[in-house]
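Working notes, beginning with the structure itself.
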Amino acid sequence: MNPKRIDQREEIKNSFNLNADWMEFYGEMKEEDPHGMPTPLGEAVKITTYVDANHANNVVTRRSQTGILIFVNSALIVQHSKKQNTVESATFGAEMVAMRAARDLTVALRIKLKMFGVPIDGPADFFCDNDSVVKNTSIPSSVLAKKHNSVNFHIIRESAAAGILRVTKIPTKDNKADALTKILPQYQRNNLLNDIMYYPSEINTPEEMGKQPSV
């Protein structure tokens, strides 16, 4: 394997709060296996989820947009872009709603894979670019000051305690789900999605964008 890829994987692994102790808050939590699940066979697969929300982007209703991309190994399995059902007063609330939706989609995918007899490699890796959401869902001692978001808050944390998922921070420029929540310049969108989509005439920088003939 490419040494650079190995270093990147180690860097990602070390970015998670691997020493989080949820026992004090939620007791002994464990992911439940679906009834009638066959014995897993073959090599385990890794689930990776990118989450983003564009707060109050709808100028008519001020509802936020949720964007979610879920990969199994390097294959894109779920792409979700949808207007949220509620109006959130802050970015934190919109990001938490998006995180809850991503959690539900990931749990459903884990159940499907298990029912197919596919072994899963540990918790799903969740990448989010909102620092407050990451801290609240990865540090057990974090306290939520807003009751409005408490249901989503605890459901996500219980999933982390059960080993279903783990959350870490990712720079906005690297969050692939950003392409599903807002209109981006072509070069930014290409750079975000260049490993899952093919662009015949790839544009990587604003300078290259300016060199393209106008339509």
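Note on naming: chains are A, B, ... as they come in the structure tokens, residues start from 1 per chain, ligands start from 1 in the order shown.
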Just the residues within 12 Å of Pro171 in chain A, please, counting only C-alpha atoms, with nothing from its chain fewer than 3 positions along; format it as a PyMOL selection string. chain A and resi 50-52+127-131+168+174-178+192
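With only C-alpha atoms as the atoms that count, the minimum distance from Leu109 in chain A to the choices A:Ile68, A:Leu180, A:Val45, A:Val78 is reached by A:Val78.
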Would you please give, as an mmCIF file with N, CA, C and O atoms, in the first residue's frame, all residues of range 51-184 of chain A that DSSP assigns to alpha helix (DSSP H) based on the backbone?
```
data_model
loop_
_atom_site.group_PDB
_atom_site.id
_atom_site.type_symbol
_atom_site.label_atom_id
_atom_site.label_comp_id
_atom_site.auth_asym_id
_atom_site.auth_seq_id
_atom_site.Cartn_x
_atom_site.Cartn_y
_atom_site.Cartn_z
ATOM 1 N N THR A 91 -26.762 27.518 13.557
ATOM 2 C CA THR A 91 -26.060 26.516 12.749
ATOM 3 C C THR A 91 -25.918 25.198 13.501
ATOM 4 O O THR A 91 -26.040 24.124 12.911
ATOM 5 N N PHE A 92 -25.673 25.289 14.812
ATOM 6 C CA PHE A 92 -25.513 24.070 15.612
ATOM 7 C C PHE A 92 -26.738 23.176 15.487
ATOM 8 O O PHE A 92 -26.620 21.950 15.307
ATOM 9 N N GLY A 93 -27.929 23.755 15.580
ATOM 10 C CA GLY A 93 -29.150 22.976 15.487
ATOM 11 C C GLY A 93 -29.302 22.306 14.132
ATOM 12 O O GLY A 93 -29.684 21.135 14.031
ATOM 13 N N ALA A 94 -28.999 23.045 13.059
ATOM 14 C CA ALA A 94 -29.103 22.483 11.708
ATOM 15 C C ALA A 94 -28.113 21.339 11.526
ATOM 16 O O ALA A 94 -28.437 20.302 10.928
ATOM 17 N N GLU A 95 -26.894 21.510 12.019
ATOM 18 C CA GLU A 95 -25.879 20.458 11.906
ATOM 19 C C GLU A 95 -26.266 19.230 12.733
ATOM 20 O O GLU A 95 -26.011 18.088 12.326
ATOM 21 N N MET A 96 -26.886 19.455 13.887
ATOM 22 C CA MET A 96 -27.304 18.333 14.725
ATOM 23 C C MET A 96 -28.439 17.548 14.064
ATOM 24 O O MET A 96 -28.475 16.312 14.122
ATOM 25 N N VAL A 97 -29.370 18.252 13.417
ATOM 26 C CA VAL A 97 -30.440 17.574 12.679
ATOM 27 C C VAL A 97 -29.845 16.744 11.545
ATOM 28 O O VAL A 97 -30.260 15.596 11.308
ATOM 29 N N ALA A 98 -28.865 17.297 10.832
ATOM 30 C CA ALA A 98 -28.206 16.564 9.751
ATOM 31 C C ALA A 98 -27.465 15.341 10.293
ATOM 32 O O ALA A 98 -27.502 14.256 9.691
ATOM 33 N N MET A 99 -26.815 15.504 11.448
ATOM 34 C CA MET A 99 -26.092 14.386 12.058
ATOM 35 C C MET A 99 -27.055 13.266 12.454
ATOM 36 O O MET A 99 -26.758 12.078 12.276
ATOM 37 N N ARG A 100 -28.225 13.641 12.968
ATOM 38 C CA ARG A 100 -29.228 12.630 13.337
ATOM 39 C C ARG A 100 -29.700 11.873 12.091
ATOM 40 O O ARG A 100 -29.850 10.642 12.114
ATOM 41 N N ALA A 101 -29.950 12.600 11.002
ATOM 42 C CA ALA A 101 -30.375 11.944 9.756
ATOM 43 C C ALA A 101 -29.294 10.992 9.254
ATOM 44 O O ALA A 101 -29.583 9.879 8.801
ATOM 45 N N ALA A 102 -28.036 11.421 9.351
ATOM 46 C CA ALA A 102 -26.917 10.565 8.921
ATOM 47 C C ALA A 102 -26.815 9.330 9.805
ATOM 48 O O ALA A 102 -26.535 8.221 9.324
ATOM 49 N N ARG A 103 -27.050 9.525 11.077
ATOM 50 C CA ARG A 103 -27.029 8.390 12.013
ATOM 51 C C ARG A 103 -28.098 7.372 11.635
ATOM 52 O O ARG A 103 -27.842 6.164 11.585
ATOM 53 N N ASP A 104 -29.306 7.838 11.340
ATOM 54 C CA ASP A 104 -30.401 6.922 10.999
ATOM 55 C C ASP A 104 -30.113 6.165 9.701
ATOM 56 O O ASP A 104 -30.361 4.956 9.603
ATOM 57 N N LEU A 105 -29.581 6.866 8.696
ATOM 58 C CA LEU A 105 -29.246 6.224 7.432
ATOM 59 C C LEU A 105 -28.127 5.200 7.609
ATOM 60 O O LEU A 105 -28.142 4.122 6.995
ATOM 61 N N THR A 106 -27.164 5.526 8.457
ATOM 62 C CA THR A 106 -26.039 4.624 8.690
ATOM 63 C C THR A 106 -26.484 3.376 9.434
ATOM 64 O O THR A 106 -26.057 2.259 9.115
ATOM 65 N N VAL A 107 -27.356 3.545 10.437
ATOM 66 C CA VAL A 107 -27.875 2.393 11.178
ATOM 67 C C VAL A 107 -28.640 1.462 10.235
ATOM 68 O O VAL A 107 -28.484 0.234 10.284
ATOM 69 N N ALA A 108 -29.468 2.044 9.358
ATOM 70 C CA ALA A 108 -30.220 1.230 8.396
ATOM 71 C C ALA A 108 -29.277 0.467 7.471
ATOM 72 O O ALA A 108 -29.510 -0.716 7.161
ATOM 73 N N LEU A 109 -28.187 1.120 7.027
ATOM 74 C CA LEU A 109 -27.219 0.460 6.157
ATOM 75 C C LEU A 109 -26.502 -0.667 6.887
ATOM 76 O O LEU A 109 -26.269 -1.744 6.320
ATOM 77 N N ARG A 110 -26.151 -0.442 8.150
ATOM 78 C CA ARG A 110 -25.480 -1.486 8.930
ATOM 79 C C ARG A 110 -26.381 -2.719 9.068
ATOM 80 O O ARG A 110 -25.912 -3.858 8.985
ATOM 81 N N ILE A 111 -27.676 -2.495 9.285
ATOM 82 C CA ILE A 111 -28.608 -3.617 9.407
ATOM 83 C C ILE A 111 -28.672 -4.395 8.090
ATOM 84 O O ILE A 111 -28.652 -5.639 8.074
ATOM 85 N N LYS A 112 -28.748 -3.678 6.970
ATOM 86 C CA LYS A 112 -28.807 -4.346 5.660
ATOM 87 C C LYS A 112 -27.556 -5.183 5.413
ATOM 88 O O LYS A 112 -27.644 -6.332 4.963
ATOM 89 N N LEU A 113 -26.396 -4.605 5.695
ATOM 90 C CA LEU A 113 -25.158 -5.340 5.477
ATOM 91 C C LEU A 113 -25.095 -6.595 6.348
ATOM 92 O O LEU A 113 -24.662 -7.666 5.900
ATOM 93 N N LYS A 114 -25.526 -6.466 7.592
ATOM 94 C CA LYS A 114 -25.516 -7.625 8.487
ATOM 95 C C LYS A 114 -26.464 -8.711 8.009
ATOM 96 O O LYS A 114 -26.169 -9.905 8.106
ATOM 97 N N MET A 115 -27.623 -8.309 7.486
ATOM 98 C CA MET A 115 -28.582 -9.291 6.994
ATOM 99 C C MET A 115 -28.091 -9.969 5.719
ATOM 100 O O MET A 115 -28.546 -11.064 5.377
ATOM 101 N N ASP A 131 -17.355 22.303 14.699
ATOM 102 C CA ASP A 131 -16.579 21.944 15.878
ATOM 103 C C ASP A 131 -17.462 21.651 17.088
ATOM 104 O O ASP A 131 -17.207 20.718 17.844
ATOM 105 N N SER A 132 -18.517 22.430 17.290
ATOM 106 C CA SER A 132 -19.388 22.252 18.458
ATOM 107 C C SER A 132 -20.116 20.909 18.400
ATOM 108 O O SER A 132 -20.243 20.211 19.421
ATOM 109 N N VAL A 133 -20.595 20.536 17.225
ATOM 110 C CA VAL A 133 -21.290 19.257 17.069
ATOM 111 C C VAL A 133 -20.329 18.109 17.329
ATOM 112 O O VAL A 133 -20.676 17.129 18.010
ATOM 113 N N VAL A 134 -19.108 18.202 16.813
ATOM 114 C CA VAL A 134 -18.114 17.142 17.020
ATOM 115 C C VAL A 134 -17.814 16.974 18.503
ATOM 116 O O VAL A 134 -17.798 15.850 19.021
ATOM 117 N N LYS A 135 -17.602 18.074 19.217
ATOM 118 C CA LYS A 135 -17.288 17.985 20.649
ATOM 119 C C LYS A 135 -18.453 17.403 21.434
ATOM 120 O O LYS A 135 -18.267 16.584 22.342
ATOM 121 N N ASN A 136 -19.670 17.808 21.111
ATOM 122 C CA ASN A 136 -20.842 17.331 21.848
ATOM 123 C C ASN A 136 -21.143 15.858 21.600
ATOM 124 O O ASN A 136 -21.795 15.218 22.428
ATOM 125 N N THR A 137 -20.704 15.322 20.469
ATOM 126 C CA THR A 137 -21.011 13.932 20.135
ATOM 127 C C THR A 137 -19.821 12.991 20.296
ATOM 128 O O THR A 137 -19.960 11.792 20.056
ATOM 129 N N SER A 138 -18.669 13.509 20.691
ATOM 130 C CA SER A 138 -17.496 12.649 20.845
ATOM 131 C C SER A 138 -16.849 12.747 22.230
ATOM 132 O O SER A 138 -16.052 11.882 22.593
ATOM 133 N N SER A 150 -31.947 18.341 22.383
ATOM 134 C CA SER A 150 -31.505 17.294 23.302
ATOM 135 C C SER A 150 -31.800 15.881 22.791
ATOM 136 O O SER A 150 -31.036 14.957 23.064
ATOM 137 N N VAL A 151 -32.921 15.688 22.064
ATOM 138 C CA VAL A 151 -33.256 14.348 21.581
ATOM 139 C C VAL A 151 -32.208 13.869 20.579
ATOM 140 O O VAL A 151 -31.653 12.762 20.703
ATOM 141 N N ASN A 152 -31.928 14.702 19.566
ATOM 142 C CA ASN A 152 -30.894 14.344 18.594
ATOM 143 C C ASN A 152 -29.548 14.161 19.272
ATOM 144 O O ASN A 152 -28.779 13.241 18.948
ATOM 145 N N PHE A 153 -29.253 15.037 20.219
ATOM 146 C CA PHE A 153 -27.999 15.007 20.974
ATOM 147 C C PHE A 153 -27.781 13.639 21.621
ATOM 148 O O PHE A 153 -26.741 13.003 21.446
ATOM 149 N N HIS A 154 -28.788 13.153 22.337
ATOM 150 C CA HIS A 154 -28.626 11.906 23.080
ATOM 151 C C HIS A 154 -28.692 10.673 22.175
ATOM 152 O O HIS A 154 -28.007 9.675 22.439
ATOM 153 N N ILE A 155 -29.490 10.720 21.127
ATOM 154 C CA ILE A 155 -29.552 9.577 20.217
ATOM 155 C C ILE A 155 -28.195 9.359 19.547
ATOM 156 O O ILE A 155 -27.712 8.228 19.424
ATOM 157 N N ILE A 156 -27.557 10.442 19.127
ATOM 158 C CA ILE A 156 -26.244 10.332 18.477
ATOM 159 C C ILE A 156 -25.202 9.845 19.475
ATOM 160 O O ILE A 156 -24.374 8.971 19.178
ATOM 161 N N ARG A 157 -25.233 10.396 20.693
ATOM 162 C CA ARG A 157 -24.265 9.987 21.717
ATOM 163 C C ARG A 157 -24.471 8.530 22.137
ATOM 164 O O ARG A 157 -23.509 7.804 22.384
ATOM 165 N N GLU A 158 -25.719 8.088 22.231
ATOM 166 C CA GLU A 158 -25.970 6.688 22.564
ATOM 167 C C GLU A 158 -25.437 5.761 21.470
ATOM 168 O O GLU A 158 -24.936 4.668 21.756
ATOM 169 N N SER A 159 -25.549 6.209 20.218
ATOM 170 C CA SER A 159 -25.001 5.412 19.111
ATOM 171 C C SER A 159 -23.482 5.340 19.199
ATOM 172 O O SER A 159 -22.884 4.305 18.890
ATOM 173 N N ALA A 160 -22.862 6.446 19.618
ATOM 174 C CA ALA A 160 -21.409 6.437 19.817
ATOM 175 C C ALA A 160 -21.038 5.505 20.968
ATOM 176 O O ALA A 160 -20.054 4.758 20.890
ATOM 177 N N ALA A 161 -21.831 5.531 22.038
ATOM 178 C CA ALA A 161 -21.566 4.669 23.189
ATOM 179 C C ALA A 161 -21.723 3.194 22.835
ATOM 180 O O ALA A 161 -21.020 2.332 23.380
#
```
If you measure from CA of Phe71 in chain A to CA of Asn85 in chain A, what distance in Å do you get, rounded to one decimal? 24.9 Å
Would you please give, as a PyMOL selection string, all residues of range 9-138 of chain A that DSSP assigns to strand (DSSP E or B) based on the backbone? chain A and resi 45+47-54+65-72+75-83+120+124-128
Compile the contact shell of Lys46 in chain A as a ChimeraX atom specification: residues with an atom at most 10 Å away, counting only C-alpha atoms, same-chain residues fewer than 5 positions apart removed. /A:71-74,119-125
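We find CA of Thr49 in chain A and CA of Gly163 in chain A to be spaced 14.7 Å apart.
You will find CA of Ser81 in chain A at 5.5 Å from CA of Thr66 in chain A.
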